4 protein chains.
Amino acid sequence: MSSTFGTALKLMIFGQSHAPAIGMCMDGFPSGFAPDFEALQQFLSRRAPGQGAFTTPRREADQPEFLSGFSGGKTCGAPIAAIIQNTNVHSQDYVNLTETPRPAHADWVSREKYGESADLSGGGHFSGRLTAPLCIAGGLCLQYLQAQNIHIGAHILRIGQAEDDRFDAVHPDFSLENGYTVKPEAWSAMLEEIAAARSDGDSVGGVIECAVTGLPVGLGEPMFGGMENRLSQILFGIPAVKGVEFGSGFACAGMRGSVHNDPFCLDDSGAFRTKTNNAGGILGGITNAMPLIFRIAIKPTPSISRPQETVRFDGTATTLKIQGRHDPCIVPRALPCVEAAAAIAILDAFLEVKKWN
Amino acid sequence: MSSTFGTALKLMIFGQSHAPAIGMCMDGFPSGFAPDFEALQQFLSRRAPGQGAFTTPRREADQPEFLSGFSGGKTCGAPIAAIIQNTNVHSQDYVNLTETPRPAHADWVSREKYGESADLSGGGHFSGRLTAPLCIAGGLCLQYLQAQNIHIGAHILRIGQAEDDRFDAVHPDFSLENGYTVKPEAWSAMLEEIAAARSDGDSVGGVIECAVTGLPVGLGEPMFGGMENRLSQILFGIPAVKGVEFGSGFACAGMRGSVHNDPFCLDDSGAFRTKTNNAGGILGGITNAMPLIFRIAIKPTPSISRPQETVRFDGTATTLKIQGRHDPCIVPRALPCVEAAAAIAILDAFLEVKKWN
Amino acid sequence: MSSTFGTALKLMIFGQSHAPAIGMCMDGFPSGFAPDFEALQQFLSRRAPGQGAFTTPRREADQPEFLSGFSGGKTCGAPIAAIIQNTNVHSQDYVNLTETPRPAHADWVSREKYGESADLSGGGHFSGRLTAPLCIAGGLCLQYLQAQNIHIGAHILRIGQAEDDRFDAVHPDFSLENGYTVKPEAWSAMLEEIAAARSDGDSVGGVIECAVTGLPVGLGEPMFGGMENRLSQILFGIPAVKGVEFGSGFACAGMRGSVHNDPFCLDDSGAFRTKTNNAGGILGGITNAMPLIFRIAIKPTPSISRPQETVRFDGTATTLKIQGRHDPCIVPRALPCVEAAAAIAILDAFLEVKKWN
Amino acid sequence: MSSTFGTALKLMIFGQSHAPAIGMCMDGFPSGFAPDFEALQQFLSRRAPGQGAFTTPRREADQPEFLSGFSGGKTCGAPIAAIIQNTNVHSQDYVNLTETPRPAHADWVSREKYGESADLSGGGHFSGRLTAPLCIAGGLCLQYLQAQNIHIGAHILRIGQAEDDRFDAVHPDFSLENGYTVKPEAWSAMLEEIAAARSDGDSVGGVIECAVTGLPVGLGEPMFGGMENRLSQILFGIPAVKGVEFGSGFACAGMRGSVHNDPFCLDDSGAFRTKTNNAGGILGGITNAMPLIFRIAIKPTPSISRPQETVRFDGTATTLKIQGRHDPCIVPRALPCVEAAAAIAILDAFLEVKKWN
């Protein structure tokens, strides 16, 4: 457990916000695959800060150095390791925090769990920066799955009160016009929510929806190894995620079985399909060849510039004003993280199929 | 993966709906614990069918036989195994199903994954009946945690359109008047939803909320071993769960950070607390000593007596009318399953704390 | 860890010597396999006591009851569970032991580890009797592997000073004339060693050699997931095993590389082979299509009727005279256990090959 | 499985002989520990080549760069990652090998398993060089265990025909005069064996014995999680290991129970001890507070300068003459690897004890 995920594909993520480097090691990736490193870099840049009005001006190259796992540009079957050197760190931004736990951050539990040696600077191992190695690993998995005609795409469903349309659960369309939402006007409303939060010294949360198409029938194992179990286990590894739902999700509570049950039918090629997709592509934990659909809730960024009540580690109450550069909303930057996490869990399940076939 | 869960505490669940027995084996449970077997039986009876107007008339004793793991009435450190013999099985109820996958059930994916030998009768290994061994394992964990002053309680938050009040997230009160809801009148409204679904030959879904009190600071590991990761992994092992959320959950999408961030304060004894509990007792995946709060969405029971469209395994379209006895709503019976699953995941994390202490 | 083994194929073993039952649960076994249950029973009877002059007169049917995992006589993909009811237990034989740890048994460490609730009666969970469920699991794996033309056979290489010939490492011949040794006269000498130990109220150890033929190239993973790693992990789960060696084993210490290195050649069909097989069929942890050869050392049965010095749990020195029925040599009965353990580890590796293929 | 080891302490090793770097990531190491980095470097230098007449002249600094897991010189609870840059690589030494598998190396199985993308240069991920990150991880574990008064020491028991005395199994003395053997004259004889092998263009194998003192009672779990299971699993991860034995080891085959059983007694402080230590400090897989003793067999280095028969990947028979710099005996350099591997497995078990205490 802990910073390690997977069975057939094993991933370990390491690093702290202000450590010399962050990185990942992934064991079990198939050999003979030649990634498109340029496309990977573009994928990583979607997560990187500094891309627009809504993100922090802290800018990092986030260029991975691949240390192992390749031979002649192709994966060679050995564990893949990659790191990103930490640069451009303004440690003074964080100095006043080490004695004062920030509300809604892991500072306090970290200090309680690990003692005085806990690395709290910049959030340490709990920093959102650790999603960069997740995206390196996931970016490779995404490319591998694409080569199997399995595609993963996420969009922003909600920021504050601004909402996009859901994907069509039977025929999701990944051709987003602006890269963030299905409906262009939704993106404008979201930008307003973010701008308003920023001008208030505040932050705002959101919901991301993700779809996976092209999955074969039969990925996932019963009970605790199902696709919901695996996906939720990795998705809650993205900081700030507070909820995960599949298919109809929480809305199923208000539905009747006669509406919720997806009737079976045959498609033009004679293959089994369901007419609707309230199941979100998963029955009994196992993929049913329909699009796999899930949504995650992302809390408002805990780092806000407004003064907050807290208690110093020495037990004295205080008011904290967080300095430095912080996103008023991390939802847009979380999009590639969600796709990456999904890709890792799905490839892990994909590589296990030999067990039953 | 698959029907196996846990690290320090390892659980394996076996059985099919119509196999000779269902059961569980649990490795790593602490030695020297004397369970209250009568209380365990009462706990199991909450899950058993046939308790009221809203449940199926199929009645099973669900009396576990403990095969191993005890000596003189106490756990002895060896793996605990328990089984429930399958009796009172009306296999003819299921006969017509073996050639026709039931919508929203695992029949079809099971046949695709396991081939013609897949056991589809009564849902096989995917049957909700497999939650009985989950409750045996979880019932033991619940009692062990109670002895550590850790308490777990769930209530029905919603059935159809009928809703209960949420727990007070800072001071949840487990003394439910009717055993199901916080507010008695909510239960009446829920019974009406269930009765209406039954009379329509239909079913209805719901939401369960669960709280855990008395947890120490520091349970859970970063990234993929956090409490949300572990709890969601096991909770999605309960059939029909379509969503899991912690603390504020999906509502966090519409909140500002200044509202969502829980300010730190000191309680009367000088211990760290938070004033609010939008975090649901978890920061960075790790317990923060506040009540751990989560909610799960449960889909409408897929077995309904209304005719449904489906396709036989041989590829011919047909209309299916499911015979036999089926709950119009399994939410009430799922309450102990949720408590059991939570207890297993929490005890697993609890037994790992030596790593950091 | 602990009583759980495997990755793609997960095995959990439960039970104590005097518990109601012993058993196993195995998750991940392929579906659609129809075992020969009669052959399985014969395999189990090779492990059961009471077969000859050299074994204990305690006689147990060791007939497994299969509780789950089958449908219509074939595996259905769900976890396989089987138990053996414990009968014919003379608990009075063990009464005097509970206050006095037996030398070379686990009584003392068990009491220290698990406290006063430790089940010491008959060895509890540490009893050699727990190899019966290992043989149920392994017997199924053996049959599955046989259907893939992978064969596993063991013989007794040594008991006391009596020795058999080693297998031909390139062309091992499993057609043992007496079921125990390659050379018939070796078996006579071994019987004499056992008889002598018995008449002295003593016991004697031995060595078992095992060969596996028909393996494809490529089973096993680098470093910690190699075939030696997996096989040794499971083989040391058989009580009394004190050493494991592969191929040339400890003899390699006295060899030169020019002799030890197995030259590559082509067989008649043009396939890669090695001329010799000092590697024991494993290079870099991975099978190389040559016979996999290993040997294990088994200590003399610790239960002897001769008086032994020990110390009661209350700290008083004493002399212990173990009553009851005990084998002077468990090596013959360990043969099927070794084959079973090997089959489990090999099938686990076999089911993982999808990762690289 | 594969290049990942451990449960409470999880280790992943990455890198290939000619990749940009080799390294390790270790998750679960206790926080608040301040390693002596100079002592760690000295430990690593025992493994490094170029230390004497018997080792290869290829010289590498093997200075680890720690990328994460520390804060202020102490472990902070986050995963520890460290790398060693690969420098001084003479890739032309290996050029002729890529089309010709070297006997007794993993070249052939690697090519078969991973396909044409397999990295065979210098042995790739199978290179003995990968024991350097093992020693980084193990060196940290050794220091942590030392702080708990648990000490691990290994000596060379045999090289070719030259033998040292075994450790006293009850009171092992780690104060080796020459750093390699208990008996100084044994070392001279071993050097002669190595020199003879070198002058013959050949190599020679050996045996290493290792002892661990200061262990508490109760480390290890029954059946598959015992100390023998864990130690053997990691020890076979050291390239060239062909056998592992504990306590009396293979010699137990020729012993009687009355001699082999270690009688219990009390030491001066009233603590349980055994008079002899044929068990090697392990009963039922669990430590019994006596010194833990094991031995491993190491095959002769497969890289020899003598011509060897082999078959090119294209199927043509050939004679191979391995160029470059190779140790005629890697046993001395394997000493720290054995200590490191033991330390990792023992700390993993040590960190799990909370389960039963």
# chains A, B, ... in the order shown; residues from 1 in each chain; ligands from 1
call {"tool": "select_by_dssp", "arguments": {"residues": "region 39-284 of chain C", "states": "strand (DSSP E)", "output": "ChimeraX atom specification"}}
result
/C:65-68,70-71,74-75,80-85,151-159,162-163,206-213,241-246,264-266,272-274,282-283
call {"tool": "residues_around", "arguments": {"residues": "Asn261 (chain A)", "least_positions_apart": "5", "cutoff": "7 Å", "atoms": "only C-alpha atoms", "output": "list in words"}}
result
Pro103, Ala104 and Pro302 of chain B
call {"tool": "interface_residues", "arguments": {"of": "chain C", "to": "chain B", "cutoff": "9 Å", "atoms": "only C-alpha atoms", "output": "VMD selection string"}}
result
chain C and resid 1 to 4 7 to 8 10 12 to 16 18 to 28 30 to 33 66 to 81 83 85 110 113 to 120 124 to 125
call {"tool": "residues_around", "arguments": {"residues": "region 224-226 of chain C", "least_positions_apart": "3", "cutoff": "9 Å", "atoms": "only C-alpha atoms", "output": "list in words"}}
result
Leu219, Gly220, Glu221, Asn229, Arg230, Leu231, Ile282, Gly284, Gly285, Ile286, Thr287 and Ala349 of chain C; Met1, Ser2, Ser3, Thr4, Phe5, Gln233, Ile234, Leu235, Phe236, Gly237 and Ile238 of chain D
call {"tool": "write_last_selection", "arguments": {"atoms": "C-alpha atoms", "output": "PDB file, in the first residue's frame"}}
result
ATOM      1  CA  LEU C 219       8.223 -18.031 -16.866  1.00  0.00           C
ATOM      2  CA  GLY C 220       9.340 -15.884 -13.977  1.00  0.00           C
ATOM      3  CA  GLU C 221      10.240 -12.250 -13.570  1.00  0.00           C
ATOM      4  CA  ASN C 229      12.365 -16.770  -5.557  1.00  0.00           C
ATOM      5  CA  ARG C 230       8.797 -18.023  -5.925  1.00  0.00           C
ATOM      6  CA  LEU C 231       9.564 -21.697  -5.513  1.00  0.00           C
ATOM      7  CA  ILE C 282      16.505 -21.252 -14.749  1.00  0.00           C
ATOM      8  CA  GLY C 284      18.175 -14.883 -14.507  1.00  0.00           C
ATOM      9  CA  GLY C 285      15.193 -16.258 -12.601  1.00  0.00           C
ATOM     10  CA  ILE C 286      13.450 -17.200 -15.847  1.00  0.00           C
ATOM     11  CA  THR C 287      12.746 -20.653 -17.249  1.00  0.00           C
ATOM     12  CA  ALA C 349       3.992 -17.730 -12.935  1.00  0.00           C
TER      13      ALA C 349
ATOM     14  CA  MET D   1       6.268  -9.635  -8.199  1.00  0.00           C
ATOM     15  CA  SER D   2       9.356  -9.132 -10.282  1.00  0.00           C
ATOM     16  CA  SER D   3      11.715  -6.339  -9.336  1.00  0.00           C
ATOM     17  CA  THR D   4       9.569  -5.444  -6.332  1.00  0.00           C
ATOM     18  CA  PHE D   5       9.929  -6.889  -2.837  1.00  0.00           C
ATOM     19  CA  GLN D 233      12.759 -14.816  -1.850  1.00  0.00           C
ATOM     20  CA  ILE D 234      15.095 -11.836  -1.682  1.00  0.00           C
ATOM     21  CA  LEU D 235      18.382 -13.787  -1.621  1.00  0.00           C
ATOM     22  CA  PHE D 236      17.596 -15.491  -4.918  1.00  0.00           C
ATOM     23  CA  GLY D 237      17.319 -11.954  -6.273  1.00  0.00           C
ATOM     24  CA  ILE D 238      21.117 -11.726  -6.064  1.00  0.00           C
TER      25      ILE D 238
END
call {"tool": "atom_distance", "arguments": {"atom1": "CA of Pro184 (chain C)", "atom2": "CA of Asp165 (chain C)"}}
result
10.2 Å
call {"tool": "closest_residue", "arguments": {"among": "D:Lys242, D:Lys183, D:Arg295, D:Arg102", "to": "Ala169 (chain D)", "atoms": "only C-alpha atoms"}}
result
D:Arg295
call {"tool": "atom_distance", "arguments": {"atom1": "CA of His171 (chain C)", "atom2": "CA of Pro336 (chain C)"}}
result
21.1 Å
call {"tool": "closest_residue", "arguments": {"among": "B:Asp268, B:Pro291, B:Gly205, B:Met223", "to": "Ala341 (chain A)", "atoms": "only C-alpha atoms"}}
result
B:Met223
call {"tool": "residues_around", "arguments": {"residues": "Asp168 (chain D)", "least_positions_apart": "4", "cutoff": "10 Å", "atoms": "only C-alpha atoms", "output": "PDB file with C-alpha atoms, in the first residue's frame"}}
result
ATOM      1  CA  PRO D 172      28.623 -15.937  16.230  1.00  0.00           C
ATOM      2  CA  ASP D 173      31.622 -13.624  16.311  1.00  0.00           C
ATOM      3  CA  ALA D 211      24.355 -14.504  10.869  1.00  0.00           C
ATOM      4  CA  THR D 276      22.268 -25.694  20.208  1.00  0.00           C
ATOM      5  CA  ASN D 277      21.044 -23.846  17.130  1.00  0.00           C
ATOM      6  CA  PRO D 291      21.054 -16.073  16.013  1.00  0.00           C
ATOM      7  CA  ILE D 293      21.988 -18.346  10.445  1.00  0.00           C
TER       8      ILE D 293
END
call {"tool": "residues_around", "arguments": {"residues": "region 152-164 of chain B", "least_positions_apart": "4", "cutoff": "9 Å", "atoms": "only C-alpha atoms", "output": "ChimeraX atom specification"}}
result
/A:252-256 /B:142,145-146,173-174,176,179-194,204-213,295,300,329,331-332,335-336,338-340,342-343
call {"tool": "select_by_dssp", "arguments": {"residues": "region 30-271 of chain D", "states": "helix (DSSP H, G or I)", "output": "ChimeraX atom specification"}}
result
/D:37-47,91-97,107-117,121-126,128-147,184-199,227-235,249-254,257-260
call {"tool": "closest_residue", "arguments": {"among": "D:Met227, D:Leu44, D:Leu283, D:Ala195", "to": "Val109 (chain C)", "atoms": "only C-alpha atoms"}}
result
D:Leu283
